[in-house]
>>> print(open('input_8.cif').read())   # mmCIF, C-alpha atoms
data_entry
loop_
_atom_site.label_atom_id
_atom_site.label_comp_id
_atom_site.auth_asym_id
_atom_site.auth_seq_id
_atom_site.Cartn_x
_atom_site.Cartn_y
_atom_site.Cartn_z
CA MET A 11 18.03 25.00 -31.79
CA ASN A 12 19.25 26.21 -28.38
CA PHE A 13 18.41 24.76 -24.97
CA LYS A 14 18.95 27.02 -21.97
CA VAL A 15 19.34 26.33 -18.26
CA GLU A 16 19.59 29.46 -16.09
CA LYS A 17 19.33 30.60 -12.50
CA ARG A 18 18.61 34.23 -11.57
CA ILE A 19 19.10 35.46 -8.01
CA GLY A 20 18.86 38.78 -6.20
CA VAL A 21 22.12 39.98 -4.69
CA ARG A 22 22.45 42.90 -2.28
CA ALA A 23 25.81 44.13 -3.51
CA PRO A 24 26.98 46.64 -6.11
CA SER A 25 27.61 45.35 -9.62
CA GLU A 26 31.29 46.30 -9.23
CA ARG A 27 31.66 43.93 -6.25
CA ILE A 28 29.99 41.05 -8.08
CA TRP A 29 32.13 41.69 -11.17
CA GLU A 30 35.31 41.62 -9.06
CA ILE A 31 34.37 38.13 -7.87
CA VAL A 32 33.42 36.84 -11.32
CA VAL A 33 36.59 38.03 -13.07
CA ASP A 34 38.97 36.83 -10.34
CA LEU A 35 39.29 33.39 -11.92
CA PRO A 36 42.06 32.05 -9.65
CA ARG A 37 39.80 32.59 -6.61
CA TRP A 38 36.79 30.71 -7.99
CA ASP A 39 37.92 27.74 -5.89
CA ARG A 40 36.96 29.76 -2.80
CA TRP A 41 33.32 30.21 -3.72
CA ASN A 42 32.32 28.28 -6.86
CA PRO A 43 31.27 24.70 -6.02
CA VAL A 44 31.04 23.60 -9.67
CA GLU A 45 33.80 25.35 -11.63
CA THR A 46 37.22 25.09 -10.03
CA GLY A 47 40.81 25.51 -11.09
CA ALA A 48 39.75 28.44 -13.26
CA ALA A 49 42.41 30.39 -15.13
CA GLY A 50 42.64 32.45 -18.25
CA THR A 51 42.32 35.84 -19.84
CA ILE A 52 39.11 37.84 -19.86
CA GLY A 53 39.10 39.73 -23.13
CA PHE A 54 37.60 39.14 -26.55
CA GLY A 55 38.92 35.81 -27.82
CA GLY A 56 40.63 35.11 -24.49
CA GLN A 57 40.80 31.57 -23.25
CA ILE A 58 39.28 30.30 -19.99
CA SER A 59 40.14 26.89 -18.61
CA LEU A 60 38.57 25.21 -15.60
CA THR A 61 37.44 21.94 -14.11
CA GLU A 62 33.68 21.38 -14.21
CA ARG A 63 32.19 19.24 -11.45
CA ILE A 64 28.47 18.75 -12.01
CA GLU A 65 27.02 16.26 -9.55
CA GLY A 66 26.17 12.96 -11.21
CA LEU A 67 28.40 13.62 -14.23
CA PRO A 68 32.08 12.85 -14.70
CA GLU A 69 34.48 15.66 -13.85
CA ARG A 70 35.68 17.33 -17.03
CA GLN A 71 38.24 19.85 -18.19
CA VAL A 72 36.79 22.84 -20.01
CA ILE A 73 38.63 25.12 -22.40
CA GLY A 74 36.45 27.92 -23.67
CA ARG A 75 36.84 31.13 -25.61
CA VAL A 76 35.52 34.42 -24.32
CA ALA A 77 32.74 35.47 -26.69
CA GLU A 78 31.48 38.56 -24.90
CA TRP A 79 32.32 40.53 -21.81
CA GLN A 80 31.33 43.86 -20.42
CA PRO A 81 32.67 45.10 -17.09
CA ASN A 82 30.09 44.99 -14.30
CA ALA A 83 27.58 43.35 -16.65
CA GLN A 84 28.49 40.04 -18.32
CA LEU A 85 31.01 37.33 -19.02
CA VAL A 86 30.22 34.81 -21.78
CA TRP A 87 32.39 32.01 -23.09
CA THR A 88 31.84 29.27 -25.64
CA GLU A 89 33.03 25.71 -25.84
CA LYS A 90 32.86 23.16 -28.62
CA ARG A 91 32.09 19.97 -26.69
CA GLY A 92 32.31 17.65 -29.66
CA LEU A 93 30.62 16.80 -32.91
CA LEU A 94 27.24 18.56 -33.06
CA PHE A 95 27.52 19.86 -29.47
CA ASN A 96 28.37 23.39 -28.35
CA THR A 97 27.96 25.15 -25.03
CA VAL A 98 27.66 28.83 -24.17
CA ARG A 99 28.33 29.58 -20.50
CA PHE A 100 27.37 32.94 -19.02
CA TYR A 101 27.31 35.18 -15.96
CA GLU A 102 25.17 38.32 -16.22
CA ILE A 103 24.77 41.16 -13.73
CA GLU A 104 21.82 43.53 -13.94
CA GLU A 105 21.97 46.43 -11.49
CA LEU A 106 18.45 47.38 -10.39
CA GLU A 107 19.64 50.23 -8.18
CA PRO A 108 22.94 50.97 -6.44
CA GLY A 109 23.76 48.01 -4.20
CA SER A 110 21.03 45.73 -5.58
CA CYS A 111 21.43 43.41 -8.56
CA ILE A 112 19.96 40.42 -10.31
CA VAL A 113 22.69 37.94 -11.21
CA SER A 114 22.17 35.17 -13.75
CA ASN A 115 24.35 32.22 -14.58
CA GLY A 116 23.60 29.46 -16.98
CA PHE A 117 24.32 27.21 -19.91
CA ILE A 118 23.01 27.28 -23.46
CA PHE A 119 23.40 23.97 -25.27
CA SER A 120 23.16 23.73 -29.04
CA GLY A 121 23.51 21.10 -31.70
CA LEU A 122 21.92 17.70 -32.00
CA ARG A 123 23.98 16.22 -29.18
CA GLY A 124 23.36 19.35 -27.11
CA GLU A 125 19.63 18.67 -27.28
CA GLY A 126 20.11 15.13 -25.99
CA PHE A 127 22.43 16.26 -23.22
CA HIS A 128 19.93 18.93 -22.16
CA GLU A 129 17.08 16.42 -22.04
CA ARG A 130 19.06 13.92 -19.95
CA HIS A 131 20.77 16.35 -17.55
CA ARG A 132 18.54 19.43 -17.34
CA ARG A 133 17.73 18.95 -13.63
CA THR A 134 21.34 18.26 -12.66
CA VAL A 135 22.61 21.29 -14.58
CA ARG A 136 19.87 23.45 -13.02
CA ASN A 137 20.97 22.30 -9.55
CA SER A 138 24.53 23.30 -10.41
CA CYS A 139 23.41 26.74 -11.56
CA GLU A 140 21.45 27.16 -8.32
CA ALA A 141 24.50 26.17 -6.23
CA ILE A 142 26.71 28.63 -8.12
CA ALA A 143 24.14 31.44 -7.77
CA GLU A 144 23.77 30.95 -4.03
CA ALA A 145 27.53 30.73 -3.48
CA LEU A 146 28.11 33.90 -5.52
CA ARG A 147 25.36 35.70 -3.58
CA ILE A 148 26.85 34.72 -0.21
CA THR A 149 30.34 35.75 -1.31
CA ALA A 150 29.22 39.12 -2.72
CA GLU A 151 27.06 39.99 0.28
CA GLY A 152 29.60 38.77 2.85
#
>>> encode(input="input_8.cif", output="structure tokens")
Amino acid sequence: MNFKVEKRIGVRAPSERIWEIVVDLPRWDRWNPVETGAAGTIGFGGQISLTERIEGLPERQVIGRVAEWQPNAQLVWTEKRGLLFNTVRFYEIEELEPGSCIVSNGFIFSGLRGEGFHERHRRTVRNSCEAIAEALRITAEG
């Protein structure tokens, strides 16, 4: 069973601009309040590493594998967080018309331990997704 936390936000910027920000991992420190120190390779099977700082939870190092990516549309990576606990992390860009997009970011937790984590931290993770969405919007529109 999967448990999803997601934030969607309207962004007045072209999908290409938003994509440039999302794939520039070394510059995430400039706009992303939750995922910092990002590095890696965006390509199928590529590795992404970063530091995750979700308020109220201990800081943690993340090493994920790129599962899907499509320029100007999506970046998805997966992480095995332990026994019976996996995470899918995603950024999605949906262009409604030139210069106007809906951008989503979120987490999908799976596994028995993923269910428990979701139940205990759903609000905190949602707040993190909201902070990321707003920061990405400000950066893209700025």
>>> resolve_selection(input="input_8.cif", expression="the PyMOL selection byres ((chain A and resi 142) around 9)", output="PyMOL selection string")
chain A and resi 17+41-45+115+137-141+143-147
>>> resolve_selection(input="input_8.cif", expression="the PyMOL selection byres ((chain A and resi 122) around 9)", output="ChimeraX atom specification")
/A:11,93-95,120-121,123-127
>>> resolve_selection(input="input_8.cif", expression="the PyMOL selection byres ((chain A and resi 46) around 10)", output="number ranges by chain")
A: 35-45, 47-49, 59-63, 71
>>> closest_residue(input="input_8.cif", among="A:Arg70, A:His128, A:Arg18, A:Arg136", to="A:Cys111", atoms="all atoms listed in the file")
A:Arg18
>>> axis_aligned_box(input="input_8.cif", around="stretch 113-125 of chain A", padding_each_side="8 Å", output="AutoDock Vina command-line options")
--center_x 22.0 --center_y 27.1 --center_z -21.6 --size_x 20.7 --size_y 37.7 --size_z 36.8
>>> closest_residue(input="input_8.cif", among="A:Leu67, A:Trp87, A:Ile52, A:Leu106", to="A:Arg132", atoms="only C-alpha atoms")
A:Leu67
>>> closest_residue(input="input_8.cif", among="A:Ile64, A:Ala150, A:Ile103, A:Val15", to="A:Gln84", atoms="all atoms listed in the file")
A:Ile103
>>> closest_residue(input="input_8.cif", among="A:Gly20, A:Gly55, A:Pro68, A:Gly116", to="A:Arg99", atoms="only C-alpha atoms")
A:Gly116
>>> atom_distance(input="input_8.cif", atom1="atom CA of A:Val98", atom2="atom CA of A:Phe119")
6.6 Å
>>> atom_distance(input="input_8.cif", atom1="atom CA of A:Phe13", atom2="atom CA of A:Ala83")
22.3 Å
>>> atom_distance(input="input_8.cif", atom1="atom CA of A:Lys90", atom2="atom CA of A:Ile112")
28.3 Å
>>> residues_around(input="input_8.cif", residues="A:Glu26", least_positions_apart="3", cutoff="8 Å", atoms="all atoms listed in the file", output="list in words")
Trp29, Glu30 and Asn82 of chain A
>>> closest_residue(input="input_8.cif", among="A:Ile58, A:Phe100, A:Gly152, A:Val32", to="A:Ser114", atoms="all atoms listed in the file")
A:Phe100
>>> build_atoms(input="input_8.cif", residues="stretch 73-88 of chain A", atoms="N, CA, C and O atoms", output="CSV table (one decimal), keeping the file's coordinate frame")
chain,number,residue,atom,x,y,z
A,73,ILE,N,37.9,24.0,-21.8
A,73,ILE,CA,38.6,25.1,-22.4
A,73,ILE,C,37.7,25.9,-23.3
A,73,ILE,O,37.2,25.3,-24.3
A,74,GLY,N,37.4,27.1,-22.9
A,74,GLY,CA,36.4,27.9,-23.7
A,74,GLY,C,37.1,29.2,-24.2
A,74,GLY,O,38.2,29.6,-23.7
A,75,ARG,N,36.4,29.8,-25.1
A,75,ARG,CA,36.8,31.1,-25.6
A,75,ARG,C,35.8,32.2,-25.2
A,75,ARG,O,34.6,32.0,-25.3
A,76,VAL,N,36.4,33.3,-24.7
A,76,VAL,CA,35.5,34.4,-24.3
A,76,VAL,C,34.8,35.0,-25.6
A,76,VAL,O,35.5,35.3,-26.6
A,77,ALA,N,33.5,35.0,-25.5
A,77,ALA,CA,32.7,35.5,-26.7
A,77,ALA,C,32.3,36.9,-26.5
A,77,ALA,O,32.3,37.7,-27.4
A,78,GLU,N,31.9,37.2,-25.2
A,78,GLU,CA,31.5,38.6,-24.9
A,78,GLU,C,31.9,38.8,-23.5
A,78,GLU,O,31.9,37.9,-22.6
A,79,TRP,N,32.1,40.1,-23.2
A,79,TRP,CA,32.3,40.5,-21.8
A,79,TRP,C,32.1,42.0,-21.8
A,79,TRP,O,32.4,42.7,-22.7
A,80,GLN,N,31.6,42.4,-20.7
A,80,GLN,CA,31.3,43.9,-20.4
A,80,GLN,C,31.5,44.1,-18.9
A,80,GLN,O,30.8,43.4,-18.1
A,81,PRO,N,32.4,44.9,-18.5
A,81,PRO,CA,32.7,45.1,-17.1
A,81,PRO,C,31.4,45.4,-16.3
A,81,PRO,O,30.5,46.2,-16.8
A,82,ASN,N,31.2,44.8,-15.2
A,82,ASN,CA,30.1,45.0,-14.3
A,82,ASN,C,28.8,44.5,-14.9
A,82,ASN,O,27.7,44.8,-14.4
A,83,ALA,N,28.8,43.8,-16.0
A,83,ALA,CA,27.6,43.4,-16.6
A,83,ALA,C,27.5,41.9,-17.1
A,83,ALA,O,26.6,41.2,-16.8
A,84,GLN,N,28.6,41.4,-17.8
A,84,GLN,CA,28.5,40.0,-18.3
A,84,GLN,C,29.8,39.4,-18.7
A,84,GLN,O,30.8,40.2,-19.1
A,85,LEU,N,29.9,38.1,-18.6
A,85,LEU,CA,31.0,37.3,-19.0
A,85,LEU,C,30.4,36.1,-19.7
A,85,LEU,O,29.6,35.4,-19.1
A,86,VAL,N,30.8,35.9,-21.0
A,86,VAL,CA,30.2,34.8,-21.8
A,86,VAL,C,31.4,34.1,-22.4
A,86,VAL,O,32.2,34.7,-23.0
A,87,TRP,N,31.4,32.8,-22.3
A,87,TRP,CA,32.4,32.0,-23.1
A,87,TRP,C,31.7,30.8,-23.8
A,87,TRP,O,30.6,30.4,-23.4
A,88,THR,N,32.4,30.4,-24.8
A,88,THR,CA,31.8,29.3,-25.6
A,88,THR,C,32.8,28.1,-25.6
A,88,THR,O,34.0,28.3,-25.4
